[in-house]
$ cat data30.cif   # mmCIF, C-alpha atoms
data_entry
loop_
_atom_site.label_atom_id
_atom_site.label_comp_id
_atom_site.auth_asym_id
_atom_site.auth_seq_id
_atom_site.Cartn_x
_atom_site.Cartn_y
_atom_site.Cartn_z
CA MET A 1417 112.50 110.00 101.81
CA VAL A 1418 110.16 108.42 104.35
CA ARG A 1419 110.99 108.51 108.07
CA ALA A 1420 109.00 106.73 110.77
CA ILE A 1421 109.01 108.18 114.28
CA VAL A 1422 108.17 105.78 117.11
CA GLY A 1423 108.40 105.65 120.89
CA ALA A 1424 110.70 103.15 122.59
CA ASN A 1425 108.86 103.16 125.91
CA TRP A 1426 105.28 103.82 127.03
CA GLY A 1427 104.45 106.72 124.75
CA ASP A 1428 105.51 109.73 126.81
CA GLU A 1429 108.99 110.03 125.30
CA GLY A 1430 108.46 113.31 123.41
CA LYS A 1431 107.67 112.06 119.88
CA GLY A 1432 105.47 115.09 119.22
CA LYS A 1433 108.34 117.49 119.86
CA ILE A 1434 110.66 115.49 117.60
CA THR A 1435 108.04 115.32 114.84
CA ASP A 1436 107.36 119.05 115.16
CA MET A 1437 111.09 119.73 114.80
CA LEU A 1438 111.59 117.40 111.82
CA ALA A 1439 108.41 118.72 110.18
CA GLU A 1440 110.22 121.98 109.46
CA LYS A 1441 111.86 120.18 106.53
CA ALA A 1442 109.01 117.80 105.70
CA ASP A 1443 106.36 117.94 102.99
CA ILE A 1444 103.86 115.50 104.52
CA VAL A 1445 103.30 114.29 108.08
CA ILE A 1446 101.06 111.23 108.41
CA ARG A 1447 99.43 109.89 111.57
CA PHE A 1448 99.39 106.15 110.93
CA GLN A 1449 97.66 104.59 113.97
CA GLY A 1450 95.97 105.22 117.32
CA GLY A 1451 93.21 107.68 118.05
CA ALA A 1452 92.37 110.41 120.54
CA ASN A 1453 93.38 108.26 123.51
CA ALA A 1454 96.82 109.83 123.96
CA GLY A 1455 98.35 113.24 123.34
CA HIS A 1456 101.47 114.76 121.83
CA THR A 1457 102.57 117.88 123.71
CA ILE A 1458 104.14 120.66 121.65
CA ILE A 1459 105.42 124.02 122.91
CA ASN A 1460 106.14 126.71 120.33
CA GLU A 1461 105.78 130.45 119.73
CA TYR A 1462 101.97 130.08 119.78
CA GLY A 1463 101.87 128.41 123.20
CA LYS A 1464 101.53 124.91 124.61
CA PHE A 1465 99.38 122.35 122.79
CA ALA A 1466 98.31 118.76 123.48
CA LEU A 1467 97.47 117.23 120.12
CA HIS A 1468 95.46 114.02 120.11
CA LEU A 1469 94.48 113.51 116.47
CA LEU A 1470 96.09 116.35 114.53
CA PRO A 1471 99.49 115.35 113.16
CA SER A 1472 102.39 117.14 114.83
CA GLY A 1473 103.27 118.99 111.65
CA SER A 1474 100.14 121.13 112.02
CA PHE A 1475 102.11 124.22 113.02
CA ASN A 1476 104.04 124.28 109.76
CA LYS A 1477 101.98 125.95 107.03
CA ASN A 1478 104.00 124.23 104.28
CA VAL A 1479 103.19 120.69 105.50
CA ILE A 1480 100.31 118.46 104.43
CA ASN A 1481 99.05 116.84 107.64
CA MET A 1482 97.33 113.59 106.80
CA ILE A 1483 95.27 111.32 108.99
CA GLY A 1484 95.99 107.88 107.59
CA ASN A 1485 93.78 104.84 107.15
CA GLY A 1486 95.17 103.23 110.33
CA VAL A 1487 93.76 105.93 112.64
CA ALA A 1488 90.65 105.70 114.80
CA LEU A 1489 89.10 108.95 113.59
CA ASP A 1490 87.04 110.66 116.29
CA ILE A 1491 85.57 113.41 114.11
CA PRO A 1492 84.12 115.70 116.83
CA ARG A 1493 87.39 115.49 118.80
CA LEU A 1494 89.42 116.33 115.69
CA PHE A 1495 87.42 119.44 114.93
CA ALA A 1496 87.40 120.54 118.56
CA GLU A 1497 91.19 120.25 118.39
CA ILE A 1498 91.33 122.33 115.21
CA LYS A 1499 89.14 124.99 116.85
CA ASP A 1500 91.39 125.07 119.91
CA VAL A 1501 94.57 125.40 117.83
CA THR A 1502 93.27 128.08 115.47
CA GLY A 1503 91.67 129.92 118.39
CA LYS A 1504 95.17 130.48 119.77
CA GLY A 1505 96.39 132.16 116.61
CA VAL A 1506 97.72 129.15 114.71
CA PRO A 1507 96.91 129.23 110.97
CA MET A 1508 94.45 126.56 109.84
CA PRO A 1509 96.47 123.35 109.35
CA ASN A 1510 96.76 121.97 105.83
CA LEU A 1511 94.67 118.88 106.60
CA ALA A 1512 94.02 115.74 104.56
CA ILE A 1513 91.94 112.77 105.72
CA SER A 1514 92.26 109.37 104.08
CA GLU A 1515 88.98 108.16 102.62
CA ARG A 1516 89.89 104.75 104.06
CA ALA A 1517 90.23 106.00 107.65
CA GLN A 1518 87.66 104.43 109.95
CA VAL A 1519 85.23 106.54 111.95
CA LEU A 1520 85.10 106.21 115.70
CA MET A 1521 81.37 106.03 116.44
CA PRO A 1522 79.59 107.60 119.44
CA TYR A 1523 78.64 104.12 120.68
CA HIS A 1524 82.29 103.04 120.76
CA ILE A 1525 82.87 105.48 123.62
CA LEU A 1526 79.75 104.23 125.40
CA PHE A 1527 80.73 100.58 125.03
CA ASP A 1528 84.20 101.38 126.35
CA GLN A 1529 82.70 102.97 129.47
CA TYR A 1530 80.15 100.20 129.97
CA GLU A 1531 82.78 97.46 129.70
CA GLU A 1532 85.01 99.17 132.28
CA GLU A 1533 81.99 99.36 134.59
CA ARG A 1534 81.23 95.68 134.03
CA LEU A 1535 84.82 94.60 134.69
CA SER A 1536 85.05 96.69 137.86
CA ASP A 1537 88.32 95.81 139.66
CA ARG A 1538 89.34 93.51 136.75
CA LYS A 1539 89.51 96.36 134.22
CA PHE A 1540 92.55 97.05 132.03
CA GLY A 1541 92.72 100.81 132.63
CA SER A 1542 91.07 102.07 129.44
CA THR A 1543 91.15 105.78 128.62
CA LYS A 1544 87.44 105.33 127.77
CA SER A 1545 87.99 106.90 124.35
CA GLY A 1546 86.32 104.02 122.52
CA ILE A 1547 89.56 102.62 121.09
CA ALA A 1548 89.15 98.90 121.94
CA PRO A 1549 85.49 98.73 120.75
CA PHE A 1550 86.51 100.67 117.61
CA PHE A 1551 89.23 98.20 116.60
CA SER A 1552 87.03 95.27 117.56
CA ASP A 1553 84.45 96.51 115.04
CA LYS A 1554 87.09 97.27 112.43
CA TYR A 1555 88.39 93.70 112.44
CA SER A 1556 84.86 92.31 112.70
CA LYS A 1557 84.17 94.23 109.47
CA ILE A 1558 81.27 96.21 110.91
CA GLY A 1559 83.07 99.55 111.13
CA PHE A 1560 82.41 102.63 108.99
CA GLN A 1561 85.09 104.02 106.71
CA VAL A 1562 85.08 107.71 105.81
CA TRP A 1563 84.04 107.03 102.21
CA GLU A 1564 80.89 105.32 103.47
CA LEU A 1565 79.68 108.61 104.90
CA MET A 1566 79.73 110.01 101.34
CA GLN A 1567 77.80 107.15 99.77
CA ASP A 1568 74.09 106.88 98.96
CA GLU A 1569 72.09 107.68 102.09
CA GLU A 1570 69.87 104.61 101.78
CA ALA A 1571 72.94 102.37 101.74
CA LEU A 1572 74.24 104.12 104.87
CA LYS A 1573 70.87 103.72 106.60
CA GLU A 1574 70.82 100.01 105.76
CA LYS A 1575 74.29 99.46 107.22
CA ILE A 1576 73.36 101.37 110.39
CA LYS A 1577 70.28 99.19 110.77
CA ASN A 1578 72.29 95.96 110.38
CA VAL A 1579 75.03 97.03 112.81
CA LEU A 1580 72.57 98.19 115.47
CA GLU A 1581 70.77 94.84 115.51
CA VAL A 1582 73.80 93.38 117.29
CA LYS A 1583 74.80 96.48 119.24
CA ASN A 1584 71.36 96.89 120.77
CA LEU A 1585 71.19 93.23 121.79
CA ILE A 1586 74.44 93.70 123.72
CA LEU A 1587 73.23 96.94 125.27
CA GLU A 1588 69.99 95.34 126.39
CA HIS A 1589 71.17 91.95 127.64
CA VAL A 1590 74.81 92.48 128.69
CA TYR A 1591 75.06 96.09 129.88
CA HIS A 1592 71.37 96.84 130.58
CA LYS A 1593 71.71 100.30 129.03
CA PRO A 1594 69.50 102.42 126.72
CA LEU A 1595 69.33 101.32 123.08
CA ILE A 1596 70.74 103.28 120.14
CA ASP A 1597 68.23 104.95 117.84
CA ALA A 1598 69.05 104.35 114.15
CA ASP A 1599 67.59 107.66 112.94
CA GLU A 1600 69.54 109.67 115.50
CA LEU A 1601 72.75 107.89 114.55
CA PHE A 1602 72.10 108.54 110.86
CA GLU A 1603 71.71 112.28 111.54
CA THR A 1604 74.93 112.24 113.57
CA LEU A 1605 76.82 110.61 110.68
CA LYS A 1606 75.41 113.18 108.25
CA GLY A 1607 76.88 115.86 110.49
CA TYR A 1608 80.22 114.02 110.52
CA ARG A 1609 80.11 113.83 106.71
CA ASP A 1610 79.67 117.59 106.38
CA MET A 1611 82.60 118.21 108.74
CA VAL A 1612 85.14 115.99 106.99
CA LYS A 1613 84.05 116.32 103.36
CA PRO A 1614 86.35 119.27 102.45
CA TYR A 1615 89.42 117.36 103.65
CA VAL A 1616 88.86 113.83 102.33
CA VAL A 1617 91.45 112.59 99.85
CA ASN A 1618 92.41 109.43 98.03
CA SER A 1619 95.47 108.87 100.22
CA VAL A 1620 96.94 106.16 97.99
CA GLU A 1621 97.06 108.57 95.04
CA LEU A 1622 98.41 111.42 97.19
CA ILE A 1623 101.23 109.32 98.66
CA HIS A 1624 102.12 107.64 95.35
CA LYS A 1625 102.55 111.05 93.73
CA ALA A 1626 104.53 112.36 96.71
CA LEU A 1627 106.93 109.40 96.54
CA LYS A 1628 107.32 109.83 92.79
CA ASP A 1629 108.11 113.53 93.32
CA GLY A 1630 110.71 112.77 95.98
CA LYS A 1631 108.85 114.45 98.83
CA GLU A 1632 109.97 114.25 102.47
CA ILE A 1633 107.41 112.22 104.47
CA LEU A 1634 107.20 111.67 108.22
CA LEU A 1635 105.19 108.81 109.71
CA GLU A 1636 103.97 109.64 113.20
CA GLY A 1637 102.73 106.97 115.56
CA GLN A 1638 101.06 107.19 118.95
CA LEU A 1639 102.17 105.71 122.26
CA GLY A 1640 105.29 103.51 122.38
CA SER A 1641 106.60 100.04 121.65
CA LEU A 1642 105.73 98.75 125.13
CA LYS A 1643 102.08 99.52 124.35
CA ASP A 1644 102.12 97.47 121.15
CA PRO A 1645 99.49 94.67 121.24
CA ASP A 1646 102.03 92.10 119.98
CA PHE A 1647 105.28 93.21 121.62
CA GLY A 1648 104.09 95.25 124.58
CA ILE A 1649 102.87 94.45 128.08
CA TYR A 1650 99.81 92.49 126.92
CA PRO A 1651 96.97 92.74 127.89
CA PHE A 1652 97.77 96.24 129.24
CA THR A 1653 98.40 97.58 125.75
CA THR A 1654 96.71 99.77 123.21
CA SER A 1655 94.65 98.22 120.41
CA SER A 1656 96.67 99.09 117.30
CA PRO A 1657 100.34 98.35 116.51
CA THR A 1658 102.68 101.12 117.66
CA VAL A 1659 105.86 99.89 115.95
CA ALA A 1660 107.43 101.38 112.82
CA GLY A 1661 106.51 98.43 110.62
CA PHE A 1662 102.83 99.26 110.94
CA GLY A 1663 103.56 102.72 109.53
CA ALA A 1664 103.56 101.20 106.05
CA VAL A 1665 100.08 99.74 106.58
CA GLY A 1666 98.53 102.61 108.54
CA ALA A 1667 99.73 105.25 106.11
CA GLY A 1668 99.46 103.25 102.88
CA ILE A 1669 103.16 103.32 102.00
CA PRO A 1670 105.21 100.43 100.55
CA PRO A 1671 107.43 99.09 103.39
CA TYR A 1672 110.61 99.41 101.32
CA GLU A 1673 110.04 103.18 101.13
CA ILE A 1674 110.68 103.62 104.89
CA LYS A 1675 114.38 104.52 104.77
CA LYS A 1676 114.90 105.74 108.33
CA ILE A 1677 113.36 104.98 111.74
CA VAL A 1678 113.74 107.54 114.51
CA THR A 1679 113.21 105.94 117.93
CA VAL A 1680 112.54 108.33 120.79
CA CYS A 1681 113.60 107.17 124.26
CA LYS A 1682 112.82 108.54 127.69
CA ALA A 1683 115.60 108.54 130.27
CA TYR A 1684 114.57 107.55 133.79
#
$ encode --input "data30.cif" --output "structure tokens"
Amino acid sequence: MVRAIVGANWGDEGKGKITDMLAEKADIVIRFQGGANAGHTIINEYGKFALHLLPSGSFNKNVINMIGNGVALDIPRLFAEIKDVTGKGVPMPNLAISERAQVLMPYHILFDQYEEERLSDRKFGSTKSGIAPFFSDKYSKIGFQVWELMQDEEALKEKIKNVLEVKNLILEHVYHKPLIDADELFETLKGYRDMVKPYVVNSVELIHKALKDGKEILLEGQLGSLKDPDFGIYPFTTSSPTVAGFGAVGAGIPPYEIKKIVTVCKAY
């Protein structure tokens, strides 16, 4: 059975604790949207943890913790998180990363900061984690999916060159900031590739088999319904849908397979 866990308010309702609890009986926990711009706090026998990208089933050794295609994957932040968790005595999480997940680039964080500076007192209160520039690139079709890091290096270099033509024009003429060096970015992405390569999976195949085998799957979102870009307090929202319906898209699951939605509320 597939359950989706979502927040009814602003995102601080305690979804992480609920997911951690339900994960005791789950086979797969899938993060289906968001990025490292918000945290899920979990307290257990190992201590207190604020997870940003790791799914909240990471403390259960029997669970596959998958980062779905709908996530803004900040690779250095993910592996810093893994290092922090395992450094406190937690066994290495059973991690899977969808090959279709998009990579949050170093320049996304820079552009987020530069835009907040430009807007000054008109800014929307970004966490400066690169989320809005990331999703802007994703829907402009100039983002980088995980599988692209594994492709022929010349093809990757060519895409970097094409993307930076526009990025550097904006940096020079809008923000008046230093330009991005294509060779340096290529080396950074090679490093990202080496980090994620052992964990990359064909998520469609993995989920299809899990559904066929009758596995228990939890879909974990980030933030809450009032931060949804369609149904929240626009424009003071996040940049990816936070509602349960997007779980099907962000995890790669047929919508009719979501049999139960757990909504977590915060009492004021």
$ closest_residue --input "data30.cif" --among "A:Tyr1591, A:Gly1505, A:Phe1495, A:Glu1533" --to "A:Lys1464" --atoms "all atoms listed in the file"
A:Gly1505
$ resolve_selection --input "data30.cif" --expression "the PyMOL selection byres ((chain A and resi 1465) around 12)" --output "PyMOL selection string"
chain A and resi 1432-1433+1436+1455-1464+1466-1472+1474-1475+1497-1498+1500-1506
$ atom_distance --input "data30.cif" --atom1 "atom CA of A:Ser1655" --atom2 "atom CA of A:Leu1572"
26.3 Å
$ axis_aligned_box --input "data30.cif" --around "stretch 1495-1505 of chain A" --padding-each-side "8 Å" --output "lines of an AutoDock Vina configuration file"
center_x = 91.9
center_y = 125.8
center_z = 117.4
size_x = 25.0
size_y = 28.7
size_z = 21.0
$ closest_residue --input "data30.cif" --among "A:Ile1444, A:Val1678, A:Leu1605, A:Ala1496" --to "A:Lys1625" --atoms "all atoms listed in the file"
A:Ile1444
$ closest_residue --input "data30.cif" --among "A:His1592, A:Lys1441, A:Lys1643, A:Lys1544" --to "A:Leu1526" --atoms "all atoms listed in the file"
A:Lys1544
$ build_atoms --input "data30.cif" --residues "stretch 1514-1528 of chain A" --atoms "N, CA, C and O atoms" --output "tab-separated table (two decimals), in the coordinates of the input"
chain	number	residue	atom	x	y	z
A	1514	SER	N	92.38	110.51	104.98
A	1514	SER	CA	92.26	109.37	104.08
A	1514	SER	C	90.81	108.91	104.00
A	1514	SER	O	90.13	108.77	105.02
A	1515	GLU	N	90.35	108.65	102.80
A	1515	GLU	CA	88.98	108.16	102.62
A	1515	GLU	C	88.81	106.77	103.20
A	1515	GLU	O	87.69	106.31	103.44
A	1516	ARG	N	89.92	106.10	103.48
A	1516	ARG	CA	89.89	104.75	104.06
A	1516	ARG	C	90.02	104.76	105.59
A	1516	ARG	O	89.99	103.70	106.21
A	1517	ALA	N	90.19	105.93	106.18
A	1517	ALA	CA	90.23	106.00	107.65
A	1517	ALA	C	88.88	105.56	108.20
A	1517	ALA	O	87.84	105.82	107.59
A	1518	GLN	N	88.91	104.90	109.35
A	1518	GLN	CA	87.66	104.43	109.95
A	1518	GLN	C	87.18	105.43	110.99
A	1518	GLN	O	87.97	106.05	111.70
A	1519	VAL	N	85.87	105.56	111.07
A	1519	VAL	CA	85.23	106.54	111.95
A	1519	VAL	C	84.96	105.93	113.31
A	1519	VAL	O	84.34	104.87	113.43
A	1520	LEU	N	85.44	106.61	114.34
A	1520	LEU	CA	85.10	106.21	115.70
A	1520	LEU	C	83.68	106.68	115.97
A	1520	LEU	O	83.38	107.86	115.89
A	1521	MET	N	82.78	105.73	116.28
A	1521	MET	CA	81.37	106.03	116.44
A	1521	MET	C	81.05	106.45	117.87
A	1521	MET	O	81.76	106.05	118.81
A	1522	PRO	N	79.97	107.20	118.07
A	1522	PRO	CA	79.59	107.60	119.44
A	1522	PRO	C	79.40	106.39	120.36
A	1522	PRO	O	79.75	106.45	121.54
A	1523	TYR	N	78.88	105.28	119.82
A	1523	TYR	CA	78.64	104.12	120.68
A	1523	TYR	C	79.93	103.41	121.07
A	1523	TYR	O	79.94	102.65	122.03
A	1524	HIS	N	81.02	103.64	120.34
A	1524	HIS	CA	82.29	103.04	120.76
A	1524	HIS	C	82.72	103.58	122.13
A	1524	HIS	O	83.22	102.83	122.98
A	1525	ILE	N	82.52	104.86	122.34
A	1525	ILE	CA	82.87	105.48	123.62
A	1525	ILE	C	81.97	104.93	124.73
A	1525	ILE	O	82.43	104.61	125.83
A	1526	LEU	N	80.68	104.78	124.42
A	1526	LEU	CA	79.75	104.23	125.40
A	1526	LEU	C	80.12	102.80	125.77
A	1526	LEU	O	80.16	102.44	126.96
A	1527	PHE	N	80.39	101.98	124.77
A	1527	PHE	CA	80.73	100.58	125.03
A	1527	PHE	C	82.02	100.47	125.85
A	1527	PHE	O	82.17	99.57	126.68
A	1528	ASP	N	82.96	101.36	125.59
A	1528	ASP	CA	84.20	101.38	126.35
A	1528	ASP	C	83.92	101.65	127.83
A	1528	ASP	O	84.43	100.98	128.74
